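Dropping input_8.cif in here (mmCIF, C-alpha atoms):
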data_work
loop_
_atom_site.label_atom_id
_atom_site.label_comp_id
_atom_site.auth_asym_id
_atom_site.auth_seq_id
_atom_site.Cartn_x
_atom_site.Cartn_y
_atom_site.Cartn_z
CA MET A 1 62.45 247.89 135.86
CA THR A 2 58.82 247.23 136.71
CA THR A 3 57.28 243.86 135.87
CA LEU A 4 53.67 244.03 134.74
CA ILE A 5 51.55 240.94 135.32
CA ILE A 6 48.35 240.73 133.30
CA VAL A 7 45.25 238.94 134.57
CA ASP A 8 42.70 238.13 131.87
CA GLN A 9 40.85 235.32 133.62
CA PRO A 10 37.93 235.80 136.02
CA PRO A 11 38.36 234.76 139.67
CA TYR A 12 37.11 231.38 140.99
CA GLY A 13 36.72 229.57 137.64
CA SER A 14 40.43 228.82 137.42
CA TRP A 15 43.59 229.13 139.47
CA ALA A 16 45.41 231.21 136.86
CA GLY A 17 44.51 234.53 138.46
CA ARG A 18 45.52 233.44 141.94
CA GLU A 19 48.82 232.18 140.65
CA ALA A 20 49.30 235.51 138.84
CA LEU A 21 48.80 237.31 142.13
CA ASP A 22 51.33 235.03 143.81
CA MET A 23 53.84 236.08 141.15
CA VAL A 24 53.22 239.75 141.84
CA PHE A 25 53.41 239.26 145.60
CA SER A 26 56.71 237.46 145.38
CA LEU A 27 58.20 240.19 143.19
CA ALA A 28 57.10 242.66 145.84
CA ALA A 29 58.46 240.45 148.64
CA PHE A 30 61.88 240.55 146.98
CA ASP A 31 61.64 244.35 146.59
CA GLN A 32 61.20 244.16 142.82
CA PRO A 33 58.86 246.76 141.37
CA SER A 34 55.66 245.19 140.09
CA ALA A 35 52.26 246.18 138.76
CA LEU A 36 49.00 244.45 137.79
CA LEU A 37 46.79 244.96 134.76
CA PHE A 38 43.28 243.48 134.65
CA ILE A 39 41.72 243.05 131.22
CA GLY A 40 38.69 241.24 129.77
CA PRO A 41 36.85 239.04 132.29
CA GLY A 42 39.85 239.55 134.61
CA VAL A 43 38.31 242.85 135.79
CA ASN A 44 35.87 240.79 137.89
CA TRP A 45 38.75 240.40 140.36
CA LEU A 46 38.23 244.06 141.24
CA ARG A 47 34.63 243.72 142.45
CA THR A 48 33.88 244.45 146.08
CA HIS A 49 31.41 242.48 148.25
CA GLN A 50 32.47 239.11 146.90
CA THR A 51 31.04 236.23 148.95
CA PRO A 52 32.78 233.05 147.78
CA ALA A 53 32.38 231.09 151.05
CA GLU A 54 29.73 228.83 149.51
CA LEU A 55 32.14 227.90 146.75
CA GLY A 56 34.64 226.73 149.33
CA GLN A 57 37.19 229.16 147.94
CA LYS A 58 39.17 231.97 149.51
CA SER A 59 38.05 235.49 148.67
CA ALA A 60 39.76 236.89 145.59
CA GLU A 61 38.89 240.36 146.80
CA LYS A 62 40.68 239.83 150.11
CA ASN A 63 43.62 238.29 148.29
CA LEU A 64 43.89 241.28 145.97
CA SER A 65 43.33 243.95 148.59
CA ALA A 66 46.70 242.94 150.10
CA ALA A 67 48.47 244.10 146.93
CA SER A 68 49.26 247.63 148.04
CA LEU A 69 50.28 246.33 151.46
CA PHE A 70 52.81 244.03 149.81
CA GLY A 71 54.18 246.96 147.80
CA VAL A 72 52.66 246.35 144.38
CA GLU A 73 53.14 249.72 142.72
CA SER A 74 50.02 250.08 140.61
CA ILE A 75 46.82 248.29 139.71
CA PHE A 76 45.49 249.09 136.25
CA ALA A 77 42.22 248.00 134.70
CA ASP A 78 40.85 248.27 131.19
CA GLN A 79 38.05 250.81 131.30
CA SER A 80 35.93 249.25 128.56
CA ALA A 81 36.11 245.81 130.21
CA CYS A 82 34.97 247.38 133.50
CA GLU A 83 32.03 248.93 131.66
CA GLN A 84 31.24 245.68 129.89
CA TYR A 85 31.16 243.72 133.17
CA ARG A 86 29.59 246.64 135.06
CA VAL A 87 32.39 246.86 137.57
CA THR A 88 31.58 250.49 138.40
CA GLN A 89 33.65 252.81 140.63
CA GLU A 90 31.24 252.17 143.55
CA ARG A 91 31.72 248.43 143.21
CA MET A 92 35.46 248.49 142.65
CA LEU A 93 38.39 248.05 145.02
CA PRO A 94 39.96 251.45 145.82
CA GLY A 95 43.22 252.50 144.19
CA VAL A 96 42.59 251.08 140.72
CA ALA A 97 43.72 253.23 137.78
CA LEU A 98 41.40 252.86 134.80
CA THR A 99 42.95 253.02 131.36
CA SER A 100 41.53 253.27 127.86
CA ASN A 101 44.99 252.79 126.34
CA ILE A 102 46.41 249.36 127.15
CA GLN A 103 49.22 249.82 124.64
CA LYS A 104 50.52 252.77 126.64
CA ILE A 105 50.59 250.68 129.83
CA LEU A 106 52.41 247.82 128.07
CA ASN A 107 54.96 250.21 126.58
CA ALA A 108 55.66 251.71 129.99
CA HIS A 109 56.85 248.34 131.38
CA ASN A 110 60.04 246.53 130.36
CA ARG A 111 58.74 243.14 131.41
CA VAL A 112 55.21 241.99 130.77
CA ALA A 113 53.80 238.55 131.56
CA PHE A 114 50.53 236.69 131.58
CA ALA A 115 50.37 234.18 134.38
CA GLY A 116 48.83 231.62 132.06
CA MET B 1 80.09 235.68 122.22
CA PRO B 2 79.21 239.38 122.01
CA ASN B 3 75.57 238.99 120.98
CA SER B 4 74.75 236.15 123.33
CA VAL B 5 71.40 236.51 125.09
CA VAL B 6 70.50 234.92 128.42
CA TYR B 7 67.00 233.45 128.56
CA THR B 8 64.72 232.14 131.26
CA LEU B 9 61.84 229.95 130.09
CA VAL B 10 58.61 229.73 132.09
CA ILE B 11 56.18 226.92 131.27
CA THR B 12 52.66 227.26 132.68
CA ALA B 13 50.77 224.54 130.83
CA ALA B 14 50.80 220.77 131.28
CA PRO B 15 51.99 218.23 128.72
CA TRP B 16 49.24 216.24 126.96
CA VAL B 17 46.84 219.10 127.61
CA SER B 18 48.78 221.78 125.83
CA GLN B 19 51.57 221.97 123.31
CA ALA B 20 53.39 224.52 125.48
CA PRO B 21 56.03 222.14 126.96
CA GLN B 22 56.86 220.84 123.47
CA THR B 23 57.07 224.33 121.95
CA ALA B 24 59.26 225.41 124.85
CA LEU B 25 61.61 222.47 124.27
CA MET B 26 61.93 223.27 120.56
CA PHE B 27 62.58 226.89 121.42
CA ALA B 28 65.18 225.90 124.04
CA ARG B 29 67.07 223.71 121.54
CA GLU B 30 67.17 226.56 119.02
CA VAL B 31 68.33 229.03 121.66
CA LEU B 32 71.38 226.88 122.40
CA LEU B 33 72.04 226.17 118.72
CA ALA B 34 72.10 229.91 118.08
CA GLY B 35 74.78 230.29 120.76
CA HIS B 36 72.60 231.84 123.45
CA HIS B 37 72.18 230.71 127.05
CA ILE B 38 69.36 229.45 129.21
CA ASP B 39 69.70 230.58 132.81
CA ARG B 40 66.82 228.50 134.13
CA VAL B 41 63.59 226.76 133.27
CA PHE B 42 60.74 227.49 135.64
CA LEU B 43 57.55 225.40 135.85
CA TYR B 44 54.54 227.23 137.20
CA GLY B 45 50.84 226.47 137.57
CA GLU B 46 49.77 223.50 135.44
CA GLY B 47 53.29 223.42 133.99
CA VAL B 48 54.51 221.52 137.07
CA HIS B 49 53.03 218.30 135.66
CA LEU B 50 55.98 218.24 133.29
CA ALA B 51 58.15 217.30 136.27
CA SER B 52 56.26 214.11 137.10
CA SER B 53 58.35 210.96 136.94
CA LEU B 54 55.15 208.90 136.71
CA SER B 55 53.84 210.18 133.36
CA THR B 56 53.61 207.12 131.14
CA PRO B 57 52.28 207.86 127.66
CA PRO B 58 51.77 204.99 125.19
CA SER B 59 55.05 203.79 123.69
CA ASP B 60 54.33 205.34 120.27
CA GLU B 61 53.98 208.82 121.79
CA VAL B 62 56.74 211.17 122.88
CA ASN B 63 57.29 211.35 126.64
CA TRP B 64 57.73 215.11 127.07
CA SER B 65 58.74 214.86 130.71
CA LYS B 66 61.55 212.50 129.80
CA GLU B 67 62.60 214.58 126.77
CA TRP B 68 62.81 217.68 128.92
CA SER B 69 64.77 216.00 131.68
CA GLN B 70 67.27 214.58 129.17
CA PHE B 71 67.70 218.02 127.62
CA LEU B 72 68.22 219.63 131.02
CA ASN B 73 70.74 216.98 132.09
CA GLN B 74 72.64 217.15 128.83
CA HIS B 75 73.07 220.92 128.98
CA LYS B 76 73.24 221.24 132.78
CA ILE B 77 70.40 223.75 132.85
CA PRO B 78 68.76 224.22 136.26
CA ALA B 79 65.01 223.68 136.33
CA THR B 80 62.77 224.82 139.16
CA VAL B 81 59.26 223.69 139.96
CA CYS B 82 57.21 226.22 141.94
CA ILE B 83 56.58 224.70 145.35
CA ALA B 84 53.05 226.08 145.82
CA SER B 85 51.94 224.96 142.35
CA ALA B 86 53.63 221.57 142.81
CA LEU B 87 52.20 220.70 146.21
CA ARG B 88 48.66 221.56 145.10
CA ARG B 89 49.02 219.25 142.11
CA GLY B 90 50.81 216.36 143.77
CA ILE B 91 54.32 216.86 142.42
CA ILE B 92 56.38 215.87 145.44
CA ASP B 93 60.07 215.43 146.22
CA GLU B 94 61.56 213.48 149.15
CA THR B 95 61.71 216.53 151.41
CA GLU B 96 58.04 217.39 150.92
CA GLN B 97 57.07 213.73 151.19
CA SER B 98 58.55 213.54 154.66
CA ARG B 99 57.36 217.05 155.66
CA TYR B 100 53.73 216.21 154.84
CA GLU B 101 54.04 212.50 155.64
CA LEU B 102 52.92 211.48 152.15
CA ALA B 103 52.88 207.97 150.71
CA ALA B 104 55.18 208.64 147.77
CA ASN B 105 57.26 211.13 145.83
CA ASN B 106 57.39 211.61 142.07
CA LEU B 107 59.67 214.49 141.15
CA ARG B 108 61.68 213.71 138.05
CA MET B 109 65.38 214.56 138.13
CA PRO B 110 66.93 217.10 137.53
CA PHE B 111 63.89 219.23 138.43
CA GLU B 112 64.04 220.86 141.84
CA ILE B 113 61.21 222.19 143.97
CA ALA B 114 61.68 225.78 145.17
CA GLY B 115 59.80 229.02 145.63
CA LEU B 116 58.87 231.84 143.29
CA GLY B 117 62.01 233.60 144.56
CA GLU B 118 63.94 231.60 141.95
CA TRP B 119 61.71 233.09 139.25
CA VAL B 120 62.22 236.59 140.68
CA GLU B 121 65.98 236.00 140.62
CA SER B 122 65.84 234.79 137.02
CA ASN B 123 63.97 237.95 136.08
CA LEU B 124 67.02 239.86 137.29
CA SER B 125 69.73 237.65 135.82
CA SER B 126 68.20 237.03 132.36
CA ASP B 127 67.96 239.32 129.37
CA ARG B 128 64.63 237.80 128.40
CA VAL B 129 61.98 235.79 130.19
CA ILE B 130 59.79 233.86 127.75
CA TYR B 131 56.44 232.36 128.81
CA PHE B 132 54.88 229.26 127.29
CA HIS B 133 51.17 229.15 128.07
CA GLY B 134 48.32 226.87 127.16
CA ALA B 135 45.15 228.08 125.53
CA SER B 136 42.84 229.71 128.05
#
Would you encode the structure as structure tokens?
Amino acid sequence: MTTLIIVDQPPYGSWAGREALDMVFSLAAFDQPSALLFIGPGVNWLRTHQTPAELGQKSAEKNLSAASLFGVESIFADQSACEQYRVTQERMLPGVALTSNIQKILNAHNRVAFAG
Amino acid sequence: MPNSVVYTLVITAAPWVSQAPQTALMFAREVLLAGHHIDRVFLYGEGVHLASSLSTPPSDEVNWSKEWSQFLNQHKIPATVCIASALRRGIIDETEQSRYELAANNLRMPFEIAGLGEWVESNLSSDRVIYFHGAS
């Protein structure tokens, strides 16, 4: 029973994405299968070479790169959103599965949640 | 009851910013009326503001924090406030007040501060987990 958490907010502008990641990490910490799906502006989480030090915020990239370490099963991203925001393969965290069929991803998970 | 469903409700938006806490309360009342159960209410992100005992709206407005706490007390439903979300936003119980040597505490009863583990557990023990979000 894998829980899919959807992130549709960009990093840094709000805490919603960070709190979504915390949800995924705690599922993983309790050995519950979990996965992430980035859609819309949320795909900006997946960019490499983020330098948020001047904002006084922790790096979203660093935060997210711990996902596989924590045991998050899969990271999905909407292909068209990646194209729209020009998050290309060369500028994307490794291990992200691109999808052009979000419905299929949603159907494959029994529990789906937005973090807010 | 053979068709009884166990729910967990997650509220992620603050009262007086979003209608989410109000909608969640209406939903919760209907759930019980229909003979179903609520395993737990979990406040996350901005939703933790619902657990403030200091919210004081004008007297001709509904106090959603108070309404929720009365509902929870009446039906003995446990309600958890995510500790990381709460500490960031200044929702503090006695334990955290003394741990961080803070000037005051403001957690409204019967809310309790705990970790996301409670939410994970509710995911396992409920048939359905329903999220009440604000507009984003």
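Nearest residue to chain B, choosing from A:Phe38, A:Phe30, A:Trp45, A:Phe70 and counting only C-alpha atoms: A:Phe30.
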Could you check the closest approach to chain B for each of A:Ser26, A:Thr2, A:Thr99, A:Ser68 and tell me which residue wins, using only C-alpha atoms?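 Among A:Ser26, A:Thr2, A:Thr99, A:Ser68, it is A:Ser26 that comes nearest to chain B.
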Quick one: residues within 8 Å of region 42-54 of chain B, all atoms listed in the file counted, chain neighbours fewer than 2 positions away excluded, as a tab-separated table (two decimals) with C-alpha atoms, in the frame of the given file?
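Output below, filename result15.tsv:
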chain	number	residue	atom	x	y	z
A	15	TRP	CA	43.59	229.13	139.47
A	16	ALA	CA	45.41	231.21	136.86
A	19	GLU	CA	48.82	232.18	140.65
A	116	GLY	CA	48.83	231.62	132.06
B	8	THR	CA	64.72	232.14	131.26
B	9	LEU	CA	61.84	229.95	130.09
B	10	VAL	CA	58.61	229.73	132.09
B	11	ILE	CA	56.18	226.92	131.27
B	12	THR	CA	52.66	227.26	132.68
B	13	ALA	CA	50.77	224.54	130.83
B	14	ALA	CA	50.80	220.77	131.28
B	15	PRO	CA	51.99	218.23	128.72
B	21	PRO	CA	56.03	222.14	126.96
B	40	ARG	CA	66.82	228.50	134.13
B	56	THR	CA	53.61	207.12	131.14
B	64	TRP	CA	57.73	215.11	127.07
B	65	SER	CA	58.74	214.86	130.71
B	66	LYS	CA	61.55	212.50	129.80
B	79	ALA	CA	65.01	223.68	136.33
B	80	THR	CA	62.77	224.82	139.16
B	81	VAL	CA	59.26	223.69	139.96
B	82	CYS	CA	57.21	226.22	141.94
B	85	SER	CA	51.94	224.96	142.35
B	86	ALA	CA	53.63	221.57	142.81
B	89	ARG	CA	49.02	219.25	142.11
B	91	ILE	CA	54.32	216.86	142.42
B	106	ASN	CA	57.39	211.61	142.07
B	107	LEU	CA	59.67	214.49	141.15
B	108	ARG	CA	61.68	213.71	138.05
B	109	MET	CA	65.38	214.56	138.13
B	111	PHE	CA	63.89	219.23	138.43
B	119	TRP	CA	61.71	233.09	139.25
Once you count all atoms listed in the file, which residues of chain A turn out to be within 12 Å of chain B? Could you give them as JSON, numbers by chain? {"A": [1, 2, 3, 5, 7, 8, 9, 10, 13, 14, 15, 16, 17, 18, 19, 20, 21, 22, 23, 24, 25, 26, 27, 28, 29, 30, 31, 32, 33, 34, 41, 110, 111, 112, 113, 114, 115, 116]}
Proximity to Val87 (chain A) - best of A:Tyr12, A:Lys58, A:Ala66, A:Val43, all atoms listed in the file: A:Val43
Please, could N, CA and C atoms be added to region 51-65 of chain A and the result written as an mmCIF file, keeping the file's coordinate frame?
data_model
loop_
_atom_site.group_PDB
_atom_site.id
_atom_site.type_symbol
_atom_site.label_atom_id
_atom_site.label_comp_id
_atom_site.auth_asym_id
_atom_site.auth_seq_id
_atom_site.Cartn_x
_atom_site.Cartn_y
_atom_site.Cartn_z
ATOM 1 N N THR A 51 31.361 237.166 147.867
ATOM 2 C CA THR A 51 31.040 236.230 148.950
ATOM 3 C C THR A 51 31.237 234.789 148.467
ATOM 4 N N PRO A 52 32.498 234.361 148.371
ATOM 5 C CA PRO A 52 32.780 233.050 147.780
ATOM 6 C C PRO A 52 32.737 231.889 148.771
ATOM 7 N N ALA A 53 32.310 232.144 150.029
ATOM 8 C CA ALA A 53 32.380 231.090 151.050
ATOM 9 C C ALA A 53 31.649 229.819 150.592
ATOM 10 N N GLU A 54 30.498 230.006 149.933
ATOM 11 C CA GLU A 54 29.730 228.830 149.510
ATOM 12 C C GLU A 54 30.441 227.982 148.469
ATOM 13 N N LEU A 55 31.372 228.636 147.753
ATOM 14 C CA LEU A 55 32.140 227.900 146.750
ATOM 15 C C LEU A 55 33.259 227.088 147.396
ATOM 16 N N GLY A 56 33.500 227.364 148.679
ATOM 17 C CA GLY A 56 34.640 226.730 149.330
ATOM 18 C C GLY A 56 35.952 227.270 148.832
ATOM 19 N N GLN A 57 35.945 228.533 148.399
ATOM 20 C CA GLN A 57 37.190 229.160 147.940
ATOM 21 C C GLN A 57 37.483 230.407 148.757
ATOM 22 N N LYS A 58 38.768 230.747 148.807
ATOM 23 C CA LYS A 58 39.170 231.970 149.510
ATOM 24 C C LYS A 58 38.760 233.179 148.680
ATOM 25 N N SER A 59 38.520 234.282 149.351
ATOM 26 C CA SER A 59 38.050 235.490 148.670
ATOM 27 C C SER A 59 39.143 236.103 147.799
ATOM 28 N N ALA A 60 38.823 236.254 146.517
ATOM 29 C CA ALA A 60 39.760 236.890 145.590
ATOM 30 C C ALA A 60 39.950 238.353 145.961
ATOM 31 N N GLU A 61 38.861 238.950 146.430
ATOM 32 C CA GLU A 61 38.890 240.360 146.800
ATOM 33 C C GLU A 61 39.881 240.599 147.949
ATOM 34 N N LYS A 62 39.804 239.718 148.950
ATOM 35 C CA LYS A 62 40.680 239.830 150.110
ATOM 36 C C LYS A 62 42.131 239.620 149.682
ATOM 37 N N ASN A 63 42.324 238.611 148.848
ATOM 38 C CA ASN A 63 43.620 238.290 148.290
ATOM 39 C C ASN A 63 44.226 239.523 147.606
ATOM 40 N N LEU A 64 43.421 240.153 146.767
ATOM 41 C CA LEU A 64 43.890 241.280 145.970
ATOM 42 C C LEU A 64 44.077 242.544 146.784
ATOM 43 N N SER A 65 43.238 242.703 147.822
ATOM 44 C CA SER A 65 43.330 243.950 148.590
ATOM 45 C C SER A 65 44.659 244.040 149.350
#
